[in-house]
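The file final_2.pdb comes next; it holds PDB, C-alpha atoms, pLDDT in the B column.
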```pdb
ATOM      1  CA  MET J   1      17.247  53.618 163.252  1.00 79.00           C
ATOM      2  CA  GLU J   2      18.499  52.819 166.719  1.00 92.00           C
ATOM      3  CA  TYR J   3      18.274  49.141 165.805  1.00 93.00           C
ATOM      4  CA  ILE J   4      21.237  49.584 163.424  1.00 94.00           C
ATOM      5  CA  ASN J   5      23.525  50.728 166.250  1.00 93.00           C
ATOM      6  CA  LEU J   6      22.290  47.926 168.508  1.00 95.00           C
ATOM      7  CA  ASN J   7      22.943  45.324 165.789  1.00 96.00           C
ATOM      8  CA  LEU J   8      26.068  46.659 164.111  1.00 97.00           C
ATOM      9  CA  ALA J   9      28.024  43.390 164.437  1.00 97.00           C
ATOM     10  CA  PRO J  10      25.423  41.043 162.893  1.00 98.00           C
ATOM     11  CA  ILE J  11      24.566  43.608 160.205  1.00 98.00           C
ATOM     12  CA  THR J  12      28.223  44.109 159.272  1.00 98.00           C
ATOM     13  CA  LEU J  13      28.900  40.376 159.143  1.00 98.00           C
ATOM     14  CA  ALA J  14      25.749  39.838 157.059  1.00 98.00           C
ATOM     15  CA  ALA J  15      26.909  42.598 154.691  1.00 98.00           C
ATOM     16  CA  ALA J  16      30.286  40.883 154.327  1.00 98.00           C
ATOM     17  CA  VAL J  17      28.586  37.565 153.529  1.00 98.00           C
ATOM     18  CA  GLY J  18      26.343  39.338 151.002  1.00 97.00           C
ATOM     19  CA  LEU J  19      29.403  40.921 149.404  1.00 96.00           C
ATOM     20  CA  LEU J  20      31.053  37.511 149.183  1.00 96.00           C
ATOM     21  CA  VAL J  21      27.956  36.034 147.483  1.00 96.00           C
ATOM     22  CA  GLY J  22      28.008  38.987 145.068  1.00 93.00           C
ATOM     23  CA  LEU J  23      31.700  38.523 144.285  1.00 93.00           C
ATOM     24  CA  VAL J  24      31.172  34.840 143.521  1.00 92.00           C
ATOM     25  CA  HIS J  25      28.266  35.774 141.238  1.00 90.00           C
ATOM     26  CA  PHE J  26      30.435  38.410 139.524  1.00 89.00           C
ATOM     27  CA  LEU J  27      33.350  36.030 138.963  1.00 89.00           C
ATOM     28  CA  VAL J  28      31.119  33.219 137.670  1.00 89.00           C
ATOM     29  CA  SER J  29      29.056  35.435 135.378  1.00 84.00           C
ATOM     30  CA  ARG J  30      32.059  37.389 134.049  1.00 85.00           C
ATOM     31  CA  PRO J  31      35.013  34.989 133.886  1.00 87.00           C
ATOM     32  CA  GLY J  32      38.308  36.751 133.443  1.00 88.00           C
ATOM     33  CA  ASP J  33      37.020  40.103 134.732  1.00 88.00           C
ATOM     34  CA  ARG J  34      38.149  41.549 138.037  1.00 89.00           C
ATOM     35  CA  PRO J  35      35.975  44.000 139.953  1.00 87.00           C
ATOM     36  CA  GLY J  36      37.519  47.413 140.466  1.00 90.00           C
ATOM     37  CA  LEU J  37      37.944  49.103 143.831  1.00 93.00           C
ATOM     38  CA  ASP J  38      35.089  51.538 143.079  1.00 93.00           C
ATOM     39  CA  PHE J  39      32.783  48.602 142.329  1.00 91.00           C
ATOM     40  CA  LEU J  40      33.770  46.835 145.562  1.00 93.00           C
ATOM     41  CA  LEU J  41      33.278  49.974 147.648  1.00 96.00           C
ATOM     42  CA  LEU J  42      29.854  50.691 146.160  1.00 95.00           C
ATOM     43  CA  SER J  43      28.872  47.035 146.574  1.00 95.00           C
ATOM     44  CA  ALA J  44      29.995  47.006 150.222  1.00 96.00           C
ATOM     45  CA  ILE J  45      27.921  50.106 150.991  1.00 97.00           C
ATOM     46  CA  ALA J  46      24.884  48.667 149.201  1.00 96.00           C
ATOM     47  CA  GLU J  47      25.219  45.284 150.953  1.00 96.00           C
ATOM     48  CA  PHE J  48      25.456  47.044 154.328  1.00 98.00           C
ATOM     49  CA  TRP J  49      22.313  49.077 153.651  1.00 97.00           C
ATOM     50  CA  ILE J  50      20.407  46.009 152.435  1.00 96.00           C
ATOM     51  CA  ALA J  51      21.438  44.174 155.620  1.00 97.00           C
ATOM     52  CA  CYS J  52      20.234  47.161 157.694  1.00 97.00           C
ATOM     53  CA  ILE J  53      16.793  47.111 156.076  1.00 96.00           C
ATOM     54  CA  LEU J  54      16.561  43.325 156.316  1.00 96.00           C
ATOM     55  CA  ALA J  55      17.522  43.459 160.012  1.00 96.00           C
ATOM     56  CA  GLY J  56      14.705  45.936 160.619  1.00 94.00           C
ATOM     57  CA  ALA J  57      12.246  43.656 158.848  1.00 94.00           C
ATOM     58  CA  LEU J  58      13.407  40.666 160.886  1.00 94.00           C
ATOM     59  CA  ILE J  59      13.144  42.626 164.138  1.00 93.00           C
ATOM     60  CA  ILE J  60       9.541  43.671 163.486  1.00 90.00           C
ATOM     61  CA  ALA J  61       8.509  40.167 162.391  1.00 85.00           C
ATOM     62  CA  PRO J  62       5.544  38.810 164.359  1.00 82.00           C
ATOM     63  CA  PRO J  63       6.859  37.761 167.788  1.00 78.00           C
ATOM     64  CA  LEU J  64       4.729  34.599 167.886  1.00 81.00           C
ATOM     65  CA  ALA J  65       6.066  33.315 164.561  1.00 83.00           C
ATOM     66  CA  LEU J  66       8.786  30.697 164.562  1.00 85.00           C
ATOM     67  CA  PRO J  67      12.097  32.600 164.229  1.00 86.00           C
ATOM     68  CA  TRP J  68      13.625  30.392 161.531  1.00 87.00           C
ATOM     69  CA  VAL J  69      10.401  30.463 159.496  1.00 90.00           C
ATOM     70  CA  MET J  70      10.490  34.271 159.563  1.00 91.00           C
ATOM     71  CA  THR J  71      14.216  34.164 158.755  1.00 93.00           C
ATOM     72  CA  ILE J  72      13.423  32.432 155.460  1.00 94.00           C
ATOM     73  CA  ALA J  73      10.015  33.976 154.712  1.00 94.00           C
ATOM     74  CA  THR J  74      11.036  37.609 155.226  1.00 94.00           C
ATOM     75  CA  PRO J  75      13.811  37.722 152.585  1.00 96.00           C
ATOM     76  CA  VAL J  76      11.711  35.677 150.147  1.00 96.00           C
ATOM     77  CA  LEU J  77       8.795  38.121 150.476  1.00 95.00           C
ATOM     78  CA  ILE J  78      11.082  41.140 150.110  1.00 95.00           C
ATOM     79  CA  TRP J  79      12.666  39.518 147.064  1.00 95.00           C
ATOM     80  CA  LEU J  80       9.336  38.622 145.438  1.00 95.00           C
ATOM     81  CA  GLY J  81       7.647  41.897 146.325  1.00 95.00           C
ATOM     82  CA  PHE J  82      10.363  44.403 145.505  1.00 93.00           C
ATOM     83  CA  LEU J  83      13.471  43.027 143.858  1.00 92.00           C
ATOM     84  CA  VAL J  84      12.080  40.624 141.255  1.00 92.00           C
ATOM     85  CA  PRO J  85       9.618  43.082 139.679  1.00 92.00           C
ATOM     86  CA  ALA J  86      12.154  45.918 139.606  1.00 92.00           C
ATOM     87  CA  LEU J  87      14.966  43.745 138.264  1.00 89.00           C
ATOM     88  CA  MET J  88      12.867  42.041 135.604  1.00 88.00           C
ATOM     89  CA  VAL J  89      11.480  45.292 134.252  1.00 90.00           C
ATOM     90  CA  ASN J  90      14.847  47.051 134.339  1.00 90.00           C
ATOM     91  CA  LEU J  91      16.983  44.229 132.971  1.00 86.00           C
ATOM     92  CA  ARG J  92      14.530  43.144 130.283  1.00 83.00           C
ATOM     93  CA  PHE J  93      14.059  46.789 129.251  1.00 87.00           C
ATOM     94  CA  ARG J  94      17.816  46.970 128.703  1.00 87.00           C
ATOM     95  CA  GLY J  95      17.604  43.923 126.459  1.00 88.00           C
ATOM     96  CA  MET J  96      19.104  41.335 128.796  1.00 84.00           C
ATOM     97  CA  PRO J  97      17.907  37.833 127.915  1.00 86.00           C
ATOM     98  CA  GLY J  98      15.347  36.379 130.303  1.00 81.00           C
ATOM     99  CA  HIS J  99      17.666  33.664 131.637  1.00 83.00           C
ATOM    100  CA  MET J 100      20.347  36.248 132.478  1.00 83.00           C
ATOM    101  CA  ALA J 101      17.815  38.492 134.211  1.00 84.00           C
ATOM    102  CA  ALA J 102      16.596  35.470 136.180  1.00 86.00           C
ATOM    103  CA  ALA J 103      20.185  34.641 137.183  1.00 87.00           C
ATOM    104  CA  ASP J 104      20.673  38.175 138.487  1.00 88.00           C
ATOM    105  CA  ALA J 105      17.390  37.988 140.387  1.00 91.00           C
ATOM    106  CA  LEU J 106      18.390  34.639 141.930  1.00 93.00           C
ATOM    107  CA  HIS J 107      21.704  36.152 142.990  1.00 93.00           C
ATOM    108  CA  TRP J 108      19.785  38.707 145.066  1.00 95.00           C
ATOM    109  CA  LEU J 109      17.635  35.976 146.612  1.00 96.00           C
ATOM    110  CA  PHE J 110      20.804  34.179 147.719  1.00 97.00           C
ATOM    111  CA  VAL J 111      22.186  37.449 149.142  1.00 97.00           C
ATOM    112  CA  LEU J 112      19.024  38.141 151.149  1.00 97.00           C
ATOM    113  CA  LEU J 113      18.781  34.559 152.427  1.00 97.00           C
ATOM    114  CA  ALA J 114      22.459  34.447 153.399  1.00 98.00           C
ATOM    115  CA  GLN J 115      22.220  37.784 155.202  1.00 98.00           C
ATOM    116  CA  ALA J 116      19.061  36.754 157.075  1.00 97.00           C
ATOM    117  CA  LEU J 117      20.580  33.433 158.125  1.00 97.00           C
ATOM    118  CA  VAL J 118      23.740  35.135 159.411  1.00 97.00           C
ATOM    119  CA  MET J 119      21.799  37.721 161.393  1.00 97.00           C
ATOM    120  CA  GLN J 120      19.424  35.116 162.852  1.00 95.00           C
ATOM    121  CA  ALA J 121      22.321  32.843 163.821  1.00 96.00           C
ATOM    122  CA  ILE J 122      24.099  35.688 165.636  1.00 96.00           C
ATOM    123  CA  GLY J 123      20.895  37.196 167.001  1.00 94.00           C
ATOM    124  CA  LEU J 124      19.300  40.593 166.627  1.00 94.00           C
ATOM    125  CA  THR J 125      18.510  42.956 169.491  1.00 94.00           C
ATOM    126  CA  ARG J 126      15.179  44.746 169.584  1.00 90.00           C
ATOM    127  CA  PRO J 127      15.330  48.440 170.482  1.00 91.00           C
ATOM    128  CA  PRO J 128      13.913  49.341 173.904  1.00 88.00           C
ATOM    129  CA  GLY J 129      10.152  49.739 173.851  1.00 81.00           C
ATOM    130  CA  MET J 130       9.506  47.174 171.099  1.00 71.00           C
TER
END
```

As structure tokens:
Amino acid sequence: MEYINLNLAPITLAAAVGLLVGLVHFLVSRPGDRPGLDFLLLSAIAEFWIACILAGALIIAPPLALPWVMTIATPVLIWLGFLVPALMVNLRFRGMPGHMAAADALHWLFVLLAQALVMQAIGLTRPPGM
């Protein structure tokens, strides 16, 4: 996990952008509600960890691939492969209508894309030996 220390600035900024996307989603989907401090703290920690994992995936992307192609493809594949199936099963099991579950899933796609774009724009440092 050395790559996290080497990339703390882009990861932290990406986490902040992800948190901002999440707050907009929260305020649009729940007008009149305000997120509590516990919700914001948990969300900030989760967004930071997601940015850490995404940074690792971007760092190990094939070196011959075009960087901006990998910047878009990596979050889309993570979203399709892990988040969409888990969210759809979980949210539909809880009785959430399909369009609401899809909106939540799209929110996470926007978070992943925004985080990847921020980290790519700033630049990620590979750990020594990679």

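Reported to one decimal place, the separation of atom CA of J:Leu23 from atom CA of J:Met1 is 28.2 Å.
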
Quiz item: Distance atom CA of J:Phe110-atom CA of J:Pro85, one decimal place?
Solution: 16.4 Å

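Distances here use only C-alpha atoms; by that measure, the residue among J:Ala102, J:Leu64, J:Leu37, J:Val111 closest to J:Gly22 is J:Val111.
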
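Evaluating the PyMOL selection byres ((chain J and resi 103) around 12) against the shown model yields Gly22, His25, Phe26, Val28, Ser29, Val84, Leu87, Met88, Leu91, Met96, Pro97, Gly98, His99, Met100, Ala101, Ala102, Asp104, Ala105, Leu106, His107, Trp108, Leu109 and Phe110 of chain J.
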
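Considering the residues J:Trp68, J:Phe82, J:Leu41, J:Ala51 and counting only C-alpha atoms, J:Ala121 has its shortest atom-to-atom contact with J:Trp68.
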
Quiz item: What lies within 9 Å of J:Pro67 using all atoms listed in the file, ignoring chain neighbours under 6 positions off, as an MDAnalysis selection string?
Solution: chainID J and resid 58 61 120

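Closest to J:Glu2 among J:Asp38, J:Gly56, J:Gln115, J:Leu66 is J:Gly56, based on all atoms listed in the file.
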
Self-check item: Surrounding residues of J:Leu112 excluding itself and chain neighbours under 4 positions, 10 Å, all atoms listed in the file, as a ChimeraX atom specification
Solution: /J:14-15,17-18,21,47,50-51,54,71-72,74-76,78-79,106-108,116-118

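Across the model, the gap from atom CA of J:Gly81 to atom CA of J:Ala9 is 27.3 Å.
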
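Counting all atoms listed in the file, the residue from J:Met130, J:Leu113, J:Leu124, J:Leu42 that sits nearest to J:Leu6 is J:Leu124.
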
Edge lengths and centre in Å to one decimal, as lines of an AutoDock Vina configuration file, is what I'm after for the box along x, y and z that holds all listed atoms of stretch 88-99 of chain J once 8 Å is added on each side.
```
center_x = 15.3
center_y = 40.4
center_z = 131.0
size_x = 23.6
size_y = 29.4
size_z = 25.1
```

Practice problem: Tell me, as a PyMOL selection string, which residues lie within 12 Å of J:Gly129, counting all atoms listed in the file; anything in the same chain fewer than 2 positions away does not count. | Solution: chain J and resi 2-3+125-127

Create the file for the chosen residues now, containing C-alpha atoms and written as a PDB file, keeping the file's coordinate frame.
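What follows is the written file part00.pdb:
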```
ATOM      1  CA  GLU J   2      18.499  52.819 166.719  1.00 92.00           C
ATOM      2  CA  TYR J   3      18.274  49.141 165.805  1.00 93.00           C
ATOM      3  CA  THR J 125      18.510  42.956 169.491  1.00 94.00           C
ATOM      4  CA  ARG J 126      15.179  44.746 169.584  1.00 90.00           C
ATOM      5  CA  PRO J 127      15.330  48.440 170.482  1.00 91.00           C
TER       6      PRO J 127
END
```
